[in-house]
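See below for data.cif, which holds mmCIF, C-alpha atoms.
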```
data_coords
#
loop_
_atom_site.label_atom_id
_atom_site.label_comp_id
_atom_site.auth_asym_id
_atom_site.auth_seq_id
_atom_site.Cartn_x
_atom_site.Cartn_y
_atom_site.Cartn_z
CA MET A 21 -41.94 -4.42 -29.27
CA THR A 22 -39.67 -3.83 -26.28
CA ASP A 23 -36.10 -2.99 -27.20
CA MET A 24 -33.58 -5.58 -26.06
CA VAL A 25 -30.48 -4.43 -24.22
CA ASP A 26 -27.17 -6.10 -24.97
CA ARG A 27 -25.56 -6.39 -21.54
CA ALA A 28 -22.31 -7.64 -23.07
CA ALA A 29 -21.98 -4.35 -24.88
CA GLU A 30 -22.22 -2.58 -21.52
CA ARG A 31 -19.16 -4.29 -20.12
CA SER A 32 -17.11 -1.84 -18.12
CA THR A 33 -13.84 -0.51 -19.45
CA ILE A 34 -10.97 0.99 -17.50
CA TRP A 35 -12.01 4.52 -18.44
CA SER A 36 -15.68 3.93 -17.64
CA THR A 37 -14.68 2.47 -14.29
CA ILE A 38 -12.53 5.51 -13.50
CA ALA A 39 -15.46 7.73 -14.47
CA GLY A 40 -17.73 5.62 -12.27
CA LEU A 41 -15.34 6.00 -9.33
CA ALA A 42 -15.43 9.75 -9.84
CA ARG A 43 -19.24 9.71 -9.77
CA TYR A 44 -19.22 7.63 -6.58
CA ARG A 45 -16.50 9.65 -4.85
CA GLU A 46 -18.90 10.51 -2.01
CA LEU A 47 -19.47 6.81 -1.36
CA LEU A 48 -15.71 6.26 -1.46
CA LYS A 49 -15.12 9.10 1.00
CA ASN A 50 -17.87 7.87 3.33
CA LEU A 51 -16.47 4.33 3.38
CA VAL A 52 -13.04 5.64 4.36
CA LEU A 53 -14.47 7.93 7.04
CA LYS A 54 -16.64 5.11 8.37
CA ASP A 55 -13.63 2.82 8.80
CA LEU A 56 -11.65 5.60 10.50
CA LYS A 57 -14.48 6.33 12.92
CA LEU A 58 -15.09 2.65 13.68
CA LYS A 59 -11.41 2.00 14.34
CA TYR A 60 -11.06 4.75 16.93
CA ARG A 61 -14.61 4.79 18.33
CA GLY A 62 -14.60 4.52 22.11
CA SER A 63 -10.80 4.67 22.24
CA VAL A 64 -9.19 6.97 24.79
CA LEU A 65 -6.02 7.54 22.77
CA GLY A 66 -7.74 7.51 19.37
CA PHE A 67 -5.31 8.05 16.49
CA LEU A 68 -2.33 7.74 18.84
CA TRP A 69 -2.83 3.96 18.77
CA SER A 70 -1.70 4.06 15.12
CA LEU A 71 1.68 5.30 16.35
CA VAL A 72 2.13 2.45 18.82
CA ASN A 73 2.70 -0.32 16.24
CA PRO A 74 5.53 1.40 14.29
CA LEU A 75 7.09 2.52 17.58
CA VAL A 76 7.11 -1.05 18.93
CA MET A 77 8.44 -2.48 15.66
CA MET A 78 11.21 0.12 15.49
CA GLY A 79 12.13 -0.57 19.10
CA VAL A 80 12.30 -4.34 18.56
CA TYR A 81 14.35 -4.11 15.36
CA THR A 82 16.65 -1.48 16.85
CA ILE A 83 17.45 -3.75 19.81
CA ALA A 84 17.82 -6.81 17.57
CA PHE A 85 19.96 -5.31 14.83
CA LYS A 86 21.89 -2.52 16.56
CA TYR A 87 22.52 -3.89 20.04
CA ILE A 88 22.43 -7.66 19.49
CA LEU A 89 23.64 -8.12 15.91
CA GLY A 90 25.80 -4.99 16.03
CA SER A 91 24.52 -3.15 12.94
CA LYS A 92 26.86 -0.27 12.01
CA VAL A 93 24.23 1.74 10.10
CA GLU A 94 24.38 5.31 11.43
CA GLY A 95 20.98 6.74 12.33
CA PHE A 96 19.50 3.24 12.17
CA VAL A 97 16.15 4.22 13.73
CA PHE A 98 15.56 6.87 11.06
CA PHE A 99 16.64 4.43 8.34
CA LEU A 100 14.24 1.84 9.75
CA LEU A 101 11.39 4.31 9.93
CA LEU A 102 11.63 5.03 6.20
CA GLY A 103 10.97 1.35 5.47
CA ILE A 104 8.66 0.27 8.28
CA LEU A 105 5.97 2.92 7.72
CA PRO A 106 5.39 2.35 3.96
CA TRP A 107 5.59 -1.38 4.58
CA GLY A 108 2.84 -1.09 7.20
CA PHE A 109 0.70 0.86 4.73
CA PHE A 110 1.07 -1.89 2.12
CA VAL A 111 0.43 -4.76 4.55
CA GLY A 112 -2.65 -3.10 6.04
CA SER A 113 -4.07 -2.36 2.59
CA THR A 114 -3.55 -5.86 1.21
CA ASN A 115 -4.88 -7.63 4.29
CA MET A 116 -8.04 -5.51 4.30
CA ALA A 117 -8.43 -5.86 0.53
CA THR A 118 -8.86 -9.64 0.80
CA ARG A 119 -11.97 -9.03 2.94
CA SER A 120 -13.27 -5.89 1.25
CA ILE A 121 -15.73 -7.63 -1.08
CA THR A 122 -16.47 -10.87 0.76
CA ASP A 123 -17.43 -8.92 3.90
CA SER A 124 -19.65 -6.53 1.92
CA SER A 125 -21.89 -9.03 0.15
CA ASP A 126 -25.12 -7.47 1.52
CA LEU A 127 -24.10 -4.03 0.32
CA MET A 128 -23.19 -5.29 -3.16
CA LYS A 129 -26.50 -7.14 -3.53
CA SER A 130 -28.64 -4.23 -2.35
CA VAL A 131 -26.94 -1.21 -3.96
CA ARG A 132 -25.59 -0.83 -7.49
CA PHE A 133 -22.16 0.82 -7.59
CA PRO A 134 -18.70 0.06 -9.04
CA SER A 135 -17.36 -2.88 -7.02
CA ALA A 136 -13.84 -1.47 -7.31
CA VAL A 137 -14.87 1.18 -4.77
CA LEU A 138 -14.55 -1.38 -1.96
CA PRO A 139 -10.87 -2.42 -2.32
CA ILE A 140 -9.87 1.13 -3.25
CA ALA A 141 -11.54 2.41 -0.08
CA THR A 142 -9.41 0.04 2.01
CA VAL A 143 -6.25 1.41 0.37
CA LEU A 144 -7.32 5.01 0.99
CA PHE A 145 -8.19 4.17 4.61
CA ASN A 146 -4.69 2.83 5.24
CA PHE A 147 -3.19 5.66 3.21
CA ALA A 148 -4.93 8.20 5.47
CA GLN A 149 -3.42 6.54 8.54
CA TYR A 150 0.00 6.42 6.87
CA LEU A 151 -0.11 10.13 6.07
CA LEU A 152 -1.12 11.01 9.63
CA THR A 153 1.74 8.89 10.97
CA ILE A 154 4.24 10.43 8.55
CA VAL A 155 3.15 13.93 9.55
CA VAL A 156 4.05 13.06 13.15
CA PHE A 157 7.13 10.88 12.77
CA LEU A 158 9.00 12.35 9.81
CA PRO A 159 9.56 15.91 11.11
CA LEU A 160 10.47 14.53 14.55
CA MET A 161 13.06 12.15 13.12
CA LEU A 162 14.54 14.78 10.81
CA VAL A 163 15.05 17.10 13.78
CA ALA A 164 16.20 14.34 16.17
CA GLN A 165 18.75 13.01 13.68
CA GLY A 166 19.88 16.48 12.66
CA VAL A 167 19.11 15.79 9.00
CA PRO A 168 19.15 19.02 6.94
CA LEU A 169 16.52 19.56 4.28
CA ALA A 170 17.48 18.67 0.71
CA ALA A 171 15.95 19.34 -2.72
CA SER A 172 15.57 15.59 -3.28
CA MET A 173 12.89 15.49 -0.58
CA LEU A 174 10.51 17.25 -2.97
CA LEU A 175 10.22 13.94 -4.84
CA PHE A 176 8.61 12.19 -1.88
CA PRO A 177 5.01 12.80 -3.13
CA VAL A 178 5.93 11.39 -6.56
CA PHE A 179 7.13 8.03 -5.23
CA LEU A 180 4.35 8.00 -2.65
CA GLY A 181 1.85 8.37 -5.50
CA LEU A 182 3.50 5.52 -7.42
CA GLN A 183 3.31 3.30 -4.33
CA VAL A 184 -0.39 4.12 -3.94
CA LEU A 185 -1.01 3.16 -7.60
CA PHE A 186 0.89 -0.10 -7.06
CA THR A 187 -1.03 -0.87 -3.86
CA VAL A 188 -4.40 -0.16 -5.50
CA GLY A 189 -3.54 -2.54 -8.35
CA VAL A 190 -2.54 -5.32 -5.94
CA ALA A 191 -5.63 -4.68 -3.79
CA LEU A 192 -7.94 -5.05 -6.80
CA VAL A 193 -6.41 -8.43 -7.68
CA LEU A 194 -6.53 -9.68 -4.08
CA ALA A 195 -10.10 -8.48 -3.49
CA ALA A 196 -11.48 -10.16 -6.62
CA GLY A 197 -9.27 -13.24 -6.28
CA THR A 198 -10.44 -13.90 -2.72
CA VAL A 199 -14.06 -14.03 -3.89
CA PHE A 200 -13.23 -17.05 -6.06
CA PHE A 201 -10.43 -18.58 -3.98
CA ARG A 202 -10.74 -18.01 -0.23
CA ASP A 203 -7.22 -19.38 0.24
CA VAL A 204 -5.81 -16.13 -1.16
CA ARG A 205 -5.79 -14.51 2.27
CA HIS A 206 -3.92 -17.49 3.73
CA LEU A 207 -1.39 -17.40 0.90
CA LEU A 208 -0.92 -13.70 1.60
CA GLU A 209 -0.11 -14.47 5.23
CA VAL A 210 2.71 -16.72 4.02
CA ALA A 211 3.93 -14.39 1.28
CA LEU A 212 4.17 -11.16 3.30
CA PRO A 213 6.90 -12.31 5.75
CA ILE A 214 8.96 -13.57 2.80
CA LEU A 215 8.44 -10.30 0.97
CA PHE A 216 9.53 -8.37 4.07
CA TRP A 217 12.95 -9.99 4.18
CA VAL A 218 13.62 -9.63 0.46
CA THR A 219 12.87 -5.91 0.73
CA PRO A 220 15.71 -3.66 2.00
CA ILE A 221 13.91 -2.42 5.12
CA VAL A 222 16.20 -3.52 7.95
CA TYR A 223 19.34 -3.50 5.80
CA PRO A 224 20.66 -1.13 3.12
CA LEU A 225 20.52 -2.26 -0.50
CA SER A 226 24.27 -1.60 -0.67
CA GLN A 227 24.89 -4.48 1.75
CA VAL A 228 23.28 -6.99 -0.61
CA PRO A 229 25.95 -8.94 -2.56
CA GLY A 230 26.37 -7.54 -6.06
CA PRO A 231 24.88 -10.44 -8.06
CA PHE A 232 21.70 -10.42 -5.94
CA ARG A 233 21.24 -6.65 -5.75
CA PRO A 234 19.16 -6.34 -8.96
CA LEU A 235 16.91 -9.18 -7.79
CA VAL A 236 16.28 -7.48 -4.44
CA LEU A 237 15.52 -4.19 -6.22
CA LEU A 238 12.91 -6.05 -8.29
CA SER A 239 11.09 -7.10 -5.13
CA PRO A 240 7.69 -5.35 -5.41
CA LEU A 241 8.18 -2.71 -2.69
CA SER A 242 11.95 -2.30 -2.92
CA SER A 243 11.99 0.57 -5.42
CA TYR A 244 9.71 2.71 -3.26
CA ILE A 245 11.48 2.06 0.02
CA VAL A 246 14.92 2.54 -1.55
CA ALA A 247 13.63 5.80 -3.05
CA TYR A 248 12.51 7.03 0.40
CA GLN A 249 15.90 6.08 1.83
CA GLN A 250 17.77 7.86 -0.95
CA ILE A 251 15.54 10.95 -0.67
CA PHE A 252 15.60 11.38 3.13
CA TYR A 253 18.43 9.30 4.61
CA TYR A 254 21.11 9.78 1.95
CA ARG A 255 19.59 13.08 0.69
CA GLN A 256 20.23 12.03 -2.90
CA TRP A 257 18.19 12.00 -6.08
CA PRO A 258 16.76 8.52 -6.68
CA SER A 259 18.82 6.49 -9.12
CA ALA A 260 17.62 5.76 -12.66
CA GLU A 261 16.92 2.09 -11.95
CA VAL A 262 14.78 3.04 -8.92
CA TRP A 263 12.77 5.43 -11.11
CA ILE A 264 12.24 2.83 -13.80
CA VAL A 265 11.25 -0.04 -11.50
CA GLY A 266 9.00 2.17 -9.38
CA ALA A 267 7.17 3.65 -12.38
CA VAL A 268 6.75 0.30 -14.14
CA TYR A 269 5.48 -1.40 -10.99
CA GLY A 270 3.12 1.44 -10.08
CA CYS A 271 1.52 1.96 -13.49
CA GLY A 272 1.74 -1.71 -14.49
CA ALA A 273 0.12 -3.02 -11.30
CA LEU A 274 -2.73 -0.53 -11.59
CA LEU A 275 -3.38 -1.42 -15.23
CA LEU A 276 -3.20 -5.18 -14.68
CA GLY A 277 -5.23 -4.96 -11.48
CA MET A 278 -8.04 -3.04 -13.17
CA ARG A 279 -8.06 -5.35 -16.18
CA PHE A 280 -8.29 -8.42 -13.97
CA PHE A 281 -10.99 -6.88 -11.78
CA LEU A 282 -13.10 -5.83 -14.75
CA ALA A 283 -12.74 -9.28 -16.31
CA VAL A 284 -14.37 -10.96 -13.29
CA GLU A 285 -16.56 -8.13 -11.94
CA ASP A 286 -19.78 -9.51 -13.46
CA ARG A 287 -19.32 -12.82 -11.63
CA LEU A 288 -18.50 -11.43 -8.17
CA SER A 289 -22.09 -11.29 -6.91
CA GLU A 290 -22.69 -14.89 -7.99
CA GLN A 291 -19.82 -16.09 -5.78
CA LEU A 292 -20.87 -14.22 -2.63
#
```

Any chance you could put this one into structure tokens?
Amino acid sequence: MTDMVDRAAERSTIWSTIAGLARYRELLKNLVLKDLKLKYRGSVLGFLWSLVNPLVMMGVYTIAFKYILGSKVEGFVFFLLLGILPWGFFVGSTNMATRSITDSSDLMKSVRFPSAVLPIATVLFNFAQYLLTIVVFLPLMLVAQGVPLAASMLLFPVFLGLQVLFTVGVALVLAAGTVFFRDVRHLLEVALPILFWVTPIVYPLSQVPGPFRPLVLLSPLSSYIVAYQQIFYYRQWPSAEVWIVGAVYGCGALLLGMRFFLAVEDRLSEQL
């Protein structure tokens, strides 16, 4: 008699999914490389186009806040850079995540692989662009602003890693959620502008009135952007509350995102 296989017993766990991602790392790498090649294929300037958007945004906000509204923040362009670039990484990742599974229905139906590869690949694609942009902008701004190196800058990879974990967790939720509710991407379009203004990107956290300061710090991206500002702009060690919020958001979002994704993974193909 043929042995029966209990598919319920084969339900993926977080650890088995991580192991599966490791096994499919070549697929993950190829998806990221494919997106990079497609984005710049046939372009004369290539990667330089990725520098245009942050340059334009910094120019617009500099004119608006420094010359029209009269912001007194010294080195405002450098301060703005430290918030605009990680914000762009998050926005690009989340927007692409909402389409990562719905736009890959043929691939999911024809090839068996961990579905989490798709939203994670979108995060890594945007992360690669962010790193390339940082490599260009950050040294230039440090030299242009005459900012001396400080020991606190060694913590940049730590908070960058926490932001990546946070972004992966959010991307997993958005990717799976969009499969069931296509309005998720439209809700995201409404939520992101609100999130931008409750994150201390174009203003220092110190300018927020005292009673509201903890609430602003609890905004999802605030702890990471404030950490980058403290590390590079103020050349200080990140404060304890920034450490706590950043670590909880990074690890918590990844854990919750993976749990949610695994809970609905078996039903994704049915909805495509």

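Between CA of Lys86 (chain A) and CA of Pro213 (chain A) there is a distance of 20.9 Å.
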
Closest pair table for region 102-127 of chain A residues within 10 Å of region 189-195 of chain A, all atoms listed in the file, as CSV:
```
residue,atom,partner,partner_atom,distance
A:Phe110,CA,A:Ala191,CA,9.4
A:Ser113,CA,A:Ala191,CA,7.0
A:Thr114,CA,A:Ala191,CA,5.5
A:Asn115,CA,A:Ala191,CA,8.6
A:Met116,CA,A:Ala191,CA,8.5
A:Ala117,CA,A:Ala195,CA,5.1
A:Thr118,CA,A:Ala195,CA,4.6
A:Arg119,CA,A:Ala195,CA,6.7
A:Ser120,CA,A:Ala195,CA,6.3
A:Ile121,CA,A:Ala195,CA,6.2
A:Thr122,CA,A:Ala195,CA,8.0
```

In Å to one decimal, how far is CA of Asp123 (chain A) from CA of His206 (chain A)? 16.0 Å

Between CA of Met161 (chain A) and CA of Leu56 (chain A), distance in Å (one decimal): 25.7 Å

Residues matched by the PyMOL selection byres ((chain A and resi 274-278) around 7) as a list of chain:residue names: A:Ile34, A:Leu185, A:Phe186, A:Val188, A:Gly189, A:Val190, A:Leu192, A:Val193, A:Gly270, A:Cys271, A:Gly272, A:Ala273, A:Arg279, A:Phe280, A:Phe281, A:Leu282

From the list A:Leu212, A:Val97, A:Ala170, A:Leu51, which residue is nearest Pro139 (chain A) when using all atoms listed in the file?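 Smallest distance to Pro139 (chain A) is found for A:Leu51.
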
For the structure shown, which residues end up in the PyMOL selection byres ((chain A and resi 262) around 12)? Put them as a PyMOL selection string, please? chain A and resi 179+182+225+234+236-251+257-261+263-270

Which residues come within 7 Å of region 149-160 of chain A, counting all atoms listed in the file, excluding same-chain residues fewer than 3 positions away, as JSON, numbers by chain? {"A": [71, 105, 109, 145, 146, 163, 164]}

Residue nearest Thr187 (chain A) - candidates A:Ala211, A:Ile221, A:Val228, A:Leu144, atoms counted: all atoms listed in the file: A:Leu144

Once 4 Å is added on each side, what centre and edge lengths in Å to one decimal does the axis-aligned box around all listed atoms of region 129-133 of chain A have, as JSON?
```
{"center_x": -25.4, "center_y": -3.2, "center_z": -5.0, "size_x": 14.5, "size_y": 16.0, "size_z": 13.2}
```

Closest of A:Phe85, A:Val222, A:Val284, A:Leu235 to Gly197 (chain A) - atom-to-atom distances counting all atoms listed in the file: A:Val284

Nearest to Tyr44 (chain A) among A:Tyr223, A:Trp69, A:Phe133, A:Trp217, with distances taken over all atoms listed in the file: which residue is it? A:Phe133

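Distance check against Pro224 (chain A) using all atoms listed in the file: of A:Leu100, A:Val72, A:Ala42, A:Ala136, the minimum falls on A:Leu100.
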
I'd like the residues picked by the PyMOL selection byres ((chain A and resi 125) around 12) written out as a count of residues only, using the chain letters and numbers from the file. 21

Using all atoms listed in the file, pick whichever of A:Ala196, A:Val143, A:Val210, A:Leu215 has the shortest atom-to-atom distance to Gln183 (chain A).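 Nearest to Gln183 (chain A): A:Val143.
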